[in-house]
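Novice: Below is the structure I would like to discuss, written out as structure tokens.
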Amino acid sequence: MLYDKDIREPLFEFLEEQYGRIRILEEKQMGRSRADLVMVLPGAVAGVEIKSDADTYARLSRQVKDYNQFFDYNLIAVGSSHAHHIEEHVPDWWGIITIEQGEKDGKTWIDFYVLRKARENPNVDRKKTLGLLWRTELAHIQKVNHMARYQEKSKKFVIDKILEKVPEKLLKEQISEELFERDYTKIDQEIREYRRQRRRL
């Protein structure tokens, strides 16, 4: 039986082969659920749910609702025990990847198959996608679009202003670039600097 921990690394490699330039962010909070993987693509952000053979569909309907709000594309990677029924549990624009395990010459192998390609999510809420960004990343989008800084305003206010000012296609590209460039080693320093600048106002 395949478990989540057995699937992740081989799945990263498979997604890279399929999509080319990607960045994977793990375990991101989205609404009431947590996305197993966020796959950053040029000009789009995709959510990836993993259902191993050890998992059930118990939480999937709620997870689907949350994924559909946040991401341009959604995919689900499922163990072989789910392969025959998964299409009944996700919308028809979700991509489906099936996972198979075997053994040869004493070595275990894992294979991935695209059962259905992902199509663009018609329900994505760009406000929710922007909410995945850190305040410093939003500030950079404001800067490159020559917007006011609004440092004294809430994150929600800033997101609304960005949505007013930046065309959709350009904004999708800029969101992706911010996530491609995200540096977890610098975030504490960036937050301290951002707060210091706010205190000056």
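We label chains A, B, ... in the order they appear in the structure tokens, count residues from 1 in each chain, and number ligands from 1 in the order shown.
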Show me a table, sorted first by chain and then by increasing residue number, of the residues of range 62-132 of chain A having an atom at most 12 Å from range 25-43 of chain A, each with its shortest atom pair and the distance in Å to one decimal, counting only C-alpha atoms and written as JSON lines.
Specialist:
{"residue": "A:Arg62", "atom": "CA", "partner": "A:Ser33", "partner_atom": "CA", "distance": 7.6}
{"residue": "A:Gln63", "atom": "CA", "partner": "A:Ser33", "partner_atom": "CA", "distance": 5.8}
{"residue": "A:Val64", "atom": "CA", "partner": "A:Ser33", "partner_atom": "CA", "distance": 9.2}
{"residue": "A:Lys65", "atom": "CA", "partner": "A:Ser33", "partner_atom": "CA", "distance": 9.2}
{"residue": "A:Asp66", "atom": "CA", "partner": "A:Gly31", "partner_atom": "CA", "distance": 6.0}
{"residue": "A:Tyr67", "atom": "CA", "partner": "A:Met30", "partner_atom": "CA", "distance": 7.3}
{"residue": "A:Asn68", "atom": "CA", "partner": "A:Met30", "partner_atom": "CA", "distance": 10.1}
{"residue": "A:Gln69", "atom": "CA", "partner": "A:Met30", "partner_atom": "CA", "distance": 8.6}
{"residue": "A:Phe70", "atom": "CA", "partner": "A:Met30", "partner_atom": "CA", "distance": 7.1}
{"residue": "A:Phe71", "atom": "CA", "partner": "A:Val38", "partner_atom": "CA", "distance": 8.6}
{"residue": "A:Asp72", "atom": "CA", "partner": "A:Gly43", "partner_atom": "CA", "distance": 9.3}
{"residue": "A:Tyr73", "atom": "CA", "partner": "A:Met39", "partner_atom": "CA", "distance": 9.3}
{"residue": "A:Asn74", "atom": "CA", "partner": "A:Val38", "partner_atom": "CA", "distance": 9.3}
{"residue": "A:Leu75", "atom": "CA", "partner": "A:Leu37", "partner_atom": "CA", "distance": 9.7}
{"residue": "A:Ile76", "atom": "CA", "partner": "A:Asp36", "partner_atom": "CA", "distance": 9.8}
{"residue": "A:Ala77", "atom": "CA", "partner": "A:Asp36", "partner_atom": "CA", "distance": 10.4}
{"residue": "A:Asp125", "atom": "CA", "partner": "A:Met30", "partner_atom": "CA", "distance": 11.9}
{"residue": "A:Lys128", "atom": "CA", "partner": "A:Met30", "partner_atom": "CA", "distance": 8.3}
{"residue": "A:Thr129", "atom": "CA", "partner": "A:Met30", "partner_atom": "CA", "distance": 9.1}
{"residue": "A:Leu130", "atom": "CA", "partner": "A:Met30", "partner_atom": "CA", "distance": 11.3}
{"residue": "A:Gly131", "atom": "CA", "partner": "A:Met30", "partner_atom": "CA", "distance": 9.0}
{"residue": "A:Leu132", "atom": "CA", "partner": "A:Met30", "partner_atom": "CA", "distance": 7.8}
Novice: Counting only C-alpha atoms, what is within 6 Å of Ala118 in chain A, bar same-chain residues fewer than 6 positions away, as a VMD selection string?
Specialist: chain A and resid 93 to 95
Novice: Pull all heavy atoms from the residues just selected and write them as a short mmCIF file (atom, residue, chain, number, x, y, z; two decimals), in the first residue's frame.
Specialist:
data_model
loop_
_atom_site.label_atom_id
_atom_site.label_comp_id
_atom_site.auth_asym_id
_atom_site.auth_seq_id
_atom_site.Cartn_x
_atom_site.Cartn_y
_atom_site.Cartn_z
N TRP A 93 -13.40 19.54 -14.60
CA TRP A 93 -12.22 20.31 -15.01
C TRP A 93 -10.99 19.95 -14.18
O TRP A 93 -9.90 20.43 -14.46
CB TRP A 93 -12.49 21.82 -14.92
CG TRP A 93 -12.90 22.33 -13.57
CD1 TRP A 93 -12.07 22.68 -12.55
CD2 TRP A 93 -14.23 22.54 -13.11
NE1 TRP A 93 -12.79 23.11 -11.46
CE2 TRP A 93 -14.12 23.05 -11.78
CE3 TRP A 93 -15.50 22.39 -13.68
CZ2 TRP A 93 -15.24 23.37 -11.02
CZ3 TRP A 93 -16.61 22.72 -12.91
CH2 TRP A 93 -16.48 23.20 -11.60
N TRP A 94 -11.14 19.12 -13.19
CA TRP A 94 -9.98 18.68 -12.40
C TRP A 94 -9.17 17.66 -13.19
O TRP A 94 -9.73 16.74 -13.80
CB TRP A 94 -10.44 18.04 -11.10
CG TRP A 94 -10.72 19.01 -9.99
CD1 TRP A 94 -11.53 20.10 -10.04
CD2 TRP A 94 -10.20 18.96 -8.66
NE1 TRP A 94 -11.56 20.74 -8.82
CE2 TRP A 94 -10.75 20.05 -7.95
CE3 TRP A 94 -9.34 18.09 -8.00
CZ2 TRP A 94 -10.45 20.32 -6.63
CZ3 TRP A 94 -9.05 18.33 -6.66
CH2 TRP A 94 -9.59 19.45 -5.99
N GLY A 95 -7.85 17.80 -13.13
CA GLY A 95 -6.98 16.77 -13.68
C GLY A 95 -6.89 15.60 -12.72
O GLY A 95 -6.99 15.77 -11.49
#
Novice: Which one of A:Gly20, A:Val158, A:Lys51, A:Gln174 sits closest to Arg8 in chain A if you count only C-alpha atoms?
Specialist: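 Distance minimum relative to Arg8 in chain A lands on A:Lys51.
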Novice: Report as a count of residues only: the residues of chain A with a DSSP assignment of helix (DSSP H, G or I), based on the backbone of this structure.
Specialist: 88
Novice: So, with only C-alpha atoms as the atoms that count, which of A:Val78, A:Ile50, A:Leu115, A:Ile175 lies closest to Leu133 in chain A?
Specialist: A:Ile175
Novice: Which residue gives the smallest distance to Gly79 in chain A among A:Glu17, A:Asp53, A:Asp160, A:Asp4, with only C-alpha atoms counted?
Specialist: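 That would be A:Asp53, the residue with the smallest distance to Gly79 in chain A.
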Novice: From a backbone DSSP assignment, name each residue in range 25-75 of chain A labelled strand (DSSP E or B), as a list in words.
Specialist: Leu25, Glu26, Glu27, Lys28, Gln29, Met30, Ser33, Arg34, Ala35, Asp36, Leu37, Val38, Met39, Val40, Leu41, Ala44, Val45, Ala46, Gly47, Val48, Glu49, Ile50, Lys51, Tyr73, Asn74 and Leu75 of chain A
Novice: Tell me which of A:Ser176, A:Thr108, A:Gln189, A:Ser61 sits closest to Asp6 in chain A, counting only C-alpha atoms.
Specialist: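 Among the listed residues, A:Thr108 lies closest to Asp6 in chain A.
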Novice: Just to confirm, what's the straight-line distance from CA of Ile97 in chain A to CA of Val114 in chain A in Å (one decimal)?
Specialist: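 Computing it gives 4.6 Å between the two atoms.
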Novice: Which distance in Å separates CA of Leu138 in chain A and CA of Ile159 in chain A, to one decimal?
Specialist: 7.7 Å
Novice: Between A:Leu2, A:Pro122, A:Ser154, A:Leu11, which has the minimum distance to Gln101 in chain A (counting only C-alpha atoms)?
Specialist: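 Counting only C-alpha atoms, the residue closest to Gln101 in chain A is A:Leu2.
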Novice: Mind giving me the straight-line distance from CA of Ile7 in chain A to CA of Lys172 in chain A in Å, one decimal?
Specialist: 28.9 Å
Novice: If we count only C-alpha atoms, what is near Ser81 in chain A at a cut-off of 10 Å, once residues fewer than 6 positions away on the same chain are taken out, given as a PDB file with N, CA and C atoms, in the first residue's frame?
Specialist:
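To be explicit, this is the file written out as out.pdb:
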ATOM      1  N   MET A   1       0.842  -1.201   0.000  1.00  0.00           N
ATOM      2  CA  MET A   1       0.000   0.000   0.000  1.00  0.00           C
ATOM      3  C   MET A   1       0.875   1.248   0.000  1.00  0.00           C
ATOM      4  N   LYS A  51      -4.445  11.644  -2.682  1.00  0.00           N
ATOM      5  CA  LYS A  51      -5.239  10.648  -1.956  1.00  0.00           C
ATOM      6  C   LYS A  51      -4.566   9.295  -2.151  1.00  0.00           C
ATOM      7  N   SER A  52      -3.829   8.897  -1.155  1.00  0.00           N
ATOM      8  CA  SER A  52      -3.150   7.604  -1.238  1.00  0.00           C
ATOM      9  C   SER A  52      -4.155   6.481  -1.029  1.00  0.00           C
ATOM     10  N   ASP A  53      -3.716   5.266  -1.213  1.00  0.00           N
ATOM     11  CA  ASP A  53      -4.590   4.115  -0.969  1.00  0.00           C
ATOM     12  C   ASP A  53      -5.056   4.059   0.481  1.00  0.00           C
ATOM     13  N   ALA A  54      -4.304   4.701   1.381  1.00  0.00           N
ATOM     14  CA  ALA A  54      -4.663   4.689   2.803  1.00  0.00           C
ATOM     15  C   ALA A  54      -5.708   5.747   3.144  1.00  0.00           C
ATOM     16  N   ASP A  55      -5.997   6.660   2.216  1.00  0.00           N
ATOM     17  CA  ASP A  55      -6.938   7.754   2.461  1.00  0.00           C
ATOM     18  C   ASP A  55      -8.361   7.380   2.054  1.00  0.00           C
ATOM     19  N   THR A  98      -3.316   8.946 -11.774  1.00  0.00           N
ATOM     20  CA  THR A  98      -3.384   7.703 -11.003  1.00  0.00           C
ATOM     21  C   THR A  98      -1.964   7.217 -10.703  1.00  0.00           C
ATOM     22  N   ILE A  99      -1.842   6.563  -9.573  1.00  0.00           N
ATOM     23  CA  ILE A  99      -0.534   6.131  -9.078  1.00  0.00           C
ATOM     24  C   ILE A  99      -0.544   4.621  -8.937  1.00  0.00           C
ATOM     25  N   GLU A 100       0.431   3.973  -9.531  1.00  0.00           N
ATOM     26  CA  GLU A 100       0.520   2.519  -9.444  1.00  0.00           C
ATOM     27  C   GLU A 100       1.876   2.111  -8.864  1.00  0.00           C
TER      28      GLU A 100
END
